[in-house]
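**Student:** Dropping in work.pdb, with PDB, C-alpha atoms.
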MODEL        1
ATOM      1  CA  MET A1301     -47.115  -1.435 -16.277
ATOM      2  CA  PRO A1302     -44.119   0.788 -15.544
ATOM      3  CA  ALA A1303     -44.931   4.149 -13.939
ATOM      4  CA  ASP A1304     -43.698   6.016 -17.004
ATOM      5  CA  GLY A1305     -45.598   3.747 -19.438
ATOM      6  CA  VAL A1306     -44.083   1.849 -22.313
ATOM      7  CA  ALA A1307     -42.768   3.140 -25.591
ATOM      8  CA  LEU A1308     -44.880   2.056 -28.524
ATOM      9  CA  THR A1309     -43.149   0.704 -31.583
ATOM     10  CA  ALA A1310     -43.286   3.158 -34.454
ATOM     11  CA  SER A1311     -45.680   1.967 -37.151
ATOM     12  CA  GLN A1312     -42.954   1.878 -39.792
ATOM     13  CA  HIS A1313     -41.253  -0.839 -37.693
ATOM     14  CA  LEU A1314     -44.343  -3.060 -37.510
ATOM     15  CA  LEU A1315     -45.163  -5.700 -40.073
ATOM     16  CA  THR A1316     -47.843  -4.541 -42.480
ATOM     17  CA  PRO A1317     -50.949  -6.702 -42.923
ATOM     18  CA  GLN A1318     -49.509  -7.857 -46.251
ATOM     19  CA  GLU A1319     -46.211  -8.836 -44.589
ATOM     20  CA  VAL A1320     -48.055 -10.704 -41.822
ATOM     21  CA  GLN A1321     -50.005 -12.605 -44.482
ATOM     22  CA  ARG A1322     -46.875 -13.384 -46.484
ATOM     23  CA  LEU A1323     -45.044 -14.685 -43.406
ATOM     24  CA  ALA A1324     -48.081 -16.648 -42.214
ATOM     25  CA  THR A1325     -48.412 -18.231 -45.668
ATOM     26  CA  LEU A1326     -44.885 -19.610 -45.350
ATOM     27  CA  PHE A1327     -45.667 -21.062 -41.920
ATOM     28  CA  VAL A1328     -48.966 -22.602 -43.036
ATOM     29  CA  LYS A1329     -47.319 -24.157 -46.099
ATOM     30  CA  ALA A1330     -44.756 -25.638 -43.686
ATOM     31  CA  GLY A1331     -47.560 -27.274 -41.649
ATOM     32  CA  VAL A1332     -48.592 -24.688 -39.046
ATOM     33  CA  THR A1333     -52.341 -24.963 -38.382
ATOM     34  CA  LYS A1334     -52.822 -22.362 -35.625
ATOM     35  CA  ILE A1335     -51.752 -18.715 -35.522
ATOM     36  CA  ARG A1336     -52.148 -16.673 -32.338
ATOM     37  CA  LEU A1337     -51.978 -12.874 -32.440
ATOM     38  CA  THR A1338     -50.376 -11.623 -29.240
ATOM     39  CA  GLY A1339     -47.432  -9.614 -27.993
ATOM     40  CA  GLY A1340     -47.952  -6.231 -26.477
ATOM     41  CA  GLU A1341     -51.661  -5.776 -27.148
ATOM     42  CA  PRO A1342     -52.987  -6.689 -30.597
ATOM     43  CA  THR A1343     -56.158  -4.606 -30.226
ATOM     44  CA  VAL A1344     -54.153  -1.365 -30.352
ATOM     45  CA  ARG A1345     -53.455  -2.033 -34.029
ATOM     46  CA  LYS A1346     -55.916  -0.176 -36.209
ATOM     47  CA  ASP A1347     -55.442  -2.836 -38.891
ATOM     48  CA  LEU A1348     -56.126  -5.860 -36.653
ATOM     49  CA  GLN A1349     -59.366  -6.760 -38.408
ATOM     50  CA  GLU A1350     -57.610  -6.611 -41.782
ATOM     51  CA  ILE A1351     -54.845  -8.871 -40.460
ATOM     52  CA  VAL A1352     -57.403 -11.439 -39.265
ATOM     53  CA  GLN A1353     -59.198 -11.256 -42.611
ATOM     54  CA  ARG A1354     -55.933 -11.790 -44.496
ATOM     55  CA  LEU A1355     -55.054 -14.742 -42.257
ATOM     56  CA  SER A1356     -58.488 -16.266 -42.868
ATOM     57  CA  THR A1357     -57.636 -16.514 -46.569
ATOM     58  CA  LEU A1358     -55.069 -19.158 -45.551
ATOM     59  CA  LYS A1359     -57.704 -21.638 -44.368
ATOM     60  CA  PRO A1360     -57.800 -23.429 -47.743
ATOM     61  CA  LEU A1361     -54.029 -23.968 -47.326
ATOM     62  CA  GLY A1362     -54.539 -25.731 -43.965
ATOM     63  CA  LEU A1363     -54.833 -22.978 -41.365
ATOM     64  CA  GLN A1364     -57.417 -24.180 -38.859
ATOM     65  CA  THR A1365     -57.308 -21.624 -36.051
ATOM     66  CA  ILE A1366     -56.794 -17.871 -35.830
ATOM     67  CA  ALA A1367     -56.481 -17.068 -32.136
ATOM     68  CA  ILE A1368     -55.792 -13.978 -30.062
ATOM     69  CA  THR A1369     -54.476 -13.086 -26.622
ATOM     70  CA  SER A1370     -55.627  -9.727 -25.291
ATOM     71  CA  ASN A1371     -55.755  -7.700 -22.103
ATOM     72  CA  GLY A1372     -59.457  -7.330 -22.861
ATOM     73  CA  ILE A1373     -59.741  -3.584 -22.356
ATOM     74  CA  ALA A1374     -60.545  -2.723 -25.984
ATOM     75  CA  LEU A1375     -61.457  -6.226 -27.077
ATOM     76  CA  GLY A1376     -65.214  -6.066 -26.491
ATOM     77  CA  ARG A1377     -65.915  -3.439 -29.115
ATOM     78  CA  GLN A1378     -63.741  -5.266 -31.657
ATOM     79  CA  LEU A1379     -64.932  -8.848 -31.160
ATOM     80  CA  PRO A1380     -67.863  -8.777 -33.625
ATOM     81  CA  GLY A1381     -65.684  -7.442 -36.440
ATOM     82  CA  LEU A1382     -62.870  -9.846 -35.641
ATOM     83  CA  VAL A1383     -65.230 -12.821 -35.719
ATOM     84  CA  ALA A1384     -66.698 -11.604 -39.003
ATOM     85  CA  ALA A1385     -63.130 -11.361 -40.359
ATOM     86  CA  GLY A1386     -62.395 -14.972 -39.383
ATOM     87  CA  LEU A1387     -61.250 -15.088 -35.739
ATOM     88  CA  SER A1388     -61.829 -18.611 -34.409
ATOM     89  CA  LEU A1389     -64.388 -19.100 -31.636
ATOM     90  CA  HIS A1390     -62.057 -21.469 -29.807
ATOM     91  CA  GLY A1391     -58.880 -19.451 -29.585
ATOM     92  CA  LEU A1392     -59.390 -16.605 -27.114
ATOM     93  CA  ASN A1393     -57.166 -15.857 -24.122
ATOM     94  CA  ILE A1394     -57.846 -12.789 -21.996
ATOM     95  CA  SER A1395     -55.354 -11.589 -19.404
ATOM     96  CA  LEU A1396     -56.879 -10.243 -16.197
ATOM     97  CA  ASP A1397     -54.180  -8.751 -13.975
ATOM     98  CA  SER A1398     -56.277  -9.172 -10.828
ATOM     99  CA  LEU A1399     -59.736 -10.293  -9.808
ATOM    100  CA  LYS A1400     -59.930  -7.219  -7.564
ATOM    101  CA  ALA A1401     -60.623  -3.913  -9.309
ATOM    102  CA  GLU A1402     -58.452  -1.825  -6.986
ATOM    103  CA  ARG A1403     -55.482  -4.172  -7.381
ATOM    104  CA  PHE A1404     -56.039  -4.273 -11.150
ATOM    105  CA  GLU A1405     -55.804  -0.466 -11.279
ATOM    106  CA  ARG A1406     -52.701  -0.456  -9.117
ATOM    107  CA  LEU A1407     -50.941  -3.063 -11.253
ATOM    108  CA  THR A1408     -51.944  -1.703 -14.658
ATOM    109  CA  ARG A1409     -51.944   1.983 -13.651
ATOM    110  CA  ARG A1410     -55.275   2.485 -15.405
ATOM    111  CA  ARG A1411     -58.947   1.827 -15.041
ATOM    112  CA  GLY A1412     -60.516  -0.893 -17.088
ATOM    113  CA  HIS A1413     -61.267  -3.843 -14.807
ATOM    114  CA  GLY A1414     -64.968  -3.582 -15.646
ATOM    115  CA  ARG A1415     -64.267  -3.436 -19.385
ATOM    116  CA  VAL A1416     -62.175  -6.599 -19.156
ATOM    117  CA  LEU A1417     -64.996  -8.380 -17.315
ATOM    118  CA  GLN A1418     -67.451  -7.127 -19.958
ATOM    119  CA  SER A1419     -65.167  -8.450 -22.725
ATOM    120  CA  ILE A1420     -65.067 -11.845 -21.026
ATOM    121  CA  GLN A1421     -68.869 -11.946 -20.761
ATOM    122  CA  GLN A1422     -69.301 -10.755 -24.342
ATOM    123  CA  ALA A1423     -66.971 -13.483 -25.578
ATOM    124  CA  VAL A1424     -68.994 -16.111 -23.719
ATOM    125  CA  ASP A1425     -72.238 -14.645 -25.076
ATOM    126  CA  MET A1426     -70.832 -14.728 -28.630
ATOM    127  CA  GLY A1427     -70.060 -18.437 -28.340
ATOM    128  CA  PHE A1428     -66.315 -18.448 -27.710
ATOM    129  CA  ASP A1429     -65.524 -21.798 -26.136
ATOM    130  CA  PRO A1430     -63.416 -21.885 -24.179
ATOM    131  CA  VAL A1431     -62.675 -18.355 -23.040
ATOM    132  CA  LYS A1432     -59.382 -18.723 -21.234
ATOM    133  CA  VAL A1433     -58.793 -16.107 -18.558
ATOM    134  CA  ARG A1434     -55.219 -15.759 -17.429
ATOM    135  CA  THR A1435     -54.737 -14.271 -13.983
ATOM    136  CA  VAL A1436     -52.560 -14.640 -10.898
ATOM    137  CA  CYS A1437     -54.328 -15.253  -7.619
ATOM    138  CA  THR A1438     -52.499 -14.462  -4.389
ATOM    139  CA  CYS A1439     -53.606 -15.250  -0.880
TER     140      CYS A1439
ENDMDL
END
How would this structure read if it were set down as C-alpha cells?
**Tutor:**
Amino acid sequence: MPADGVALTASQHLLTPQEVQRLATLFVKAGVTKIRLTGGEPTVRKDLQEIVQRLSTLKPLGLQTIAITSNGIALGRQLPGLVAAGLSLHGLNISLDSLKAERFERLTRRRGHGRVLQSIQQAVDMGFDPVKVRTVCTC
C-alpha cells in the first residue's frame, strides 16, 4: 500500500449491479462457467451481496461457480450473506500479505492481520473447500 493510500474509483465510474449482470450474462451465454470477483477489494462495495445474488441467477444458463478474491479484512462479516446470495463454497482466495503481524502492518500500512486470520478460519468453518491463501514467504 502506498504511503499516501490509493484513490478510490468514484461510484459513478463503477459498473452497477445491473451492468455486471448484463455483462456476465453475455459471458455465460458464450460458455463461461466461472466468474471471480476481484480487483482492488470487492468487499468495499456496498452492493457486493446484490452482485453475487444477480450472478447466481445465471446458474440456469450454465454458470457453475461464483468466486471471490479478497484481502480478508472485511470478508468475515460478509461471508454468511455472500454464501446466502450464491457465492460458491469452492471459489475463495484470500490474500495474506505476510504471515507475521508486524510485517503485515508494515506492508499494508494498517492493522488487520488478526481479522484476515479470522476470515480464513471462518471460511474453513463454513465449509469453503479449498480456502486458498495467497502469501509470499521470505527467508
**Student:** For the structure provided, state which residues fall under the PyMOL selection byres ((chain A and resi 1369) around 8), and present them as a list of chain:residue names.
**Tutor:**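 What the PyMOL selection byres ((chain A and resi 1369) around 8) grabs from the file is A:Arg1336, A:Leu1337, A:Thr1338, A:Gly1339, A:Glu1341, A:Pro1342, A:Ala1367, A:Ile1368, A:Ser1370, A:Asn1371, A:Leu1392, A:Asn1393, A:Ile1394, A:Ser1395.
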**Student:** Which one of A:Thr1316, A:Gln1349, A:Gln1321, A:Thr1357 sits closest to Leu1382 in chain A if you count all atoms listed in the file?
**Tutor:**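 The closest residue to Leu1382 in chain A is A:Gln1349.
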**Student:** In the coordinates of the file, take the point (-65.9, -25.1, -25.7) and a cut-off of 12 Å; then, counting only C-alpha atoms, name each qualifying protein, DNA or RNA residue as a list in words.
**Tutor:**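 Checked against the point, the hits come out as Ser1388, Leu1389, His1390, Gly1391, Leu1392, Ala1423, Val1424, Met1426, Gly1427, Phe1428, Asp1429, Pro1430, Val1431 and Lys1432 of chain A.
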**Student:** Which residue is closest to Pro1317 in chain A? Choose from A:Arg1354, A:Lys1329, A:Arg1406, A:Lys1359 and count all atoms listed in the file.
**Tutor:**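 Of all the options, A:Arg1354 lies closest to Pro1317 in chain A.
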**Student:** Suppose you want the space between CA of Leu1358 in chain A and CA of Leu1315 in chain A; what is it in Å?
**Tutor:**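 Between CA of Leu1358 in chain A and CA of Leu1315 in chain A the gap works out to 17.6 Å.
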**Student:** Which polymer residues, whether protein, DNA or RNA, lie within 12 Å of the coordinate (-65.6, -11.6, -14.7) when you count only C-alpha atoms? List them as a VMD selection string, using the chain letters and numbers from the file.
**Tutor:** chain A and resid 1372 1394 to 1401 1413 to 1424 1431 to 1435
**Student:** Figure out the distance between CA of Thr1333 in chain A and CA of Ile1351 in chain A, please, to one decimal in Å.
**Tutor:** 16.4 Å
**Student:** Just give me the gap between CA of Ile1335 in chain A and CA of Ile1373 in chain A in Å, one decimal is fine.
**Tutor:**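 CA of Ile1373 in chain A lies at a distance of 21.6 Å from CA of Ile1335 in chain A.
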**Student:** Skip Arg1411 in chain A itself and residues of its chain fewer than 6 positions away, then list as a ChimeraX atom specification all residues within 9 Å of it, counting all atoms listed in the file.
**Tutor:** /A:1401-1402,1404-1405
**Student:** Let's have the selection written as a compact mmCIF listing (two decimals), keeping the file's coordinate frame, with C-alpha atoms.
**Tutor:**
# COMPACT_ATOMS: atom_id res chain seq x y z
CA ALA A 1401 -60.62 -3.91 -9.31
CA GLU A 1402 -58.45 -1.82 -6.99
CA PHE A 1404 -56.04 -4.27 -11.15
CA GLU A 1405 -55.80 -0.47 -11.28
**Student:** Check the smallest atom-to-atom distance from each of A:Thr1325, A:Lys1334, A:Val1383, A:Gly1376 to Glu1350 in chain A using all atoms listed in the file, then report the winner.
**Tutor:**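 Counting all atoms listed in the file, the residue closest to Glu1350 in chain A is A:Val1383.
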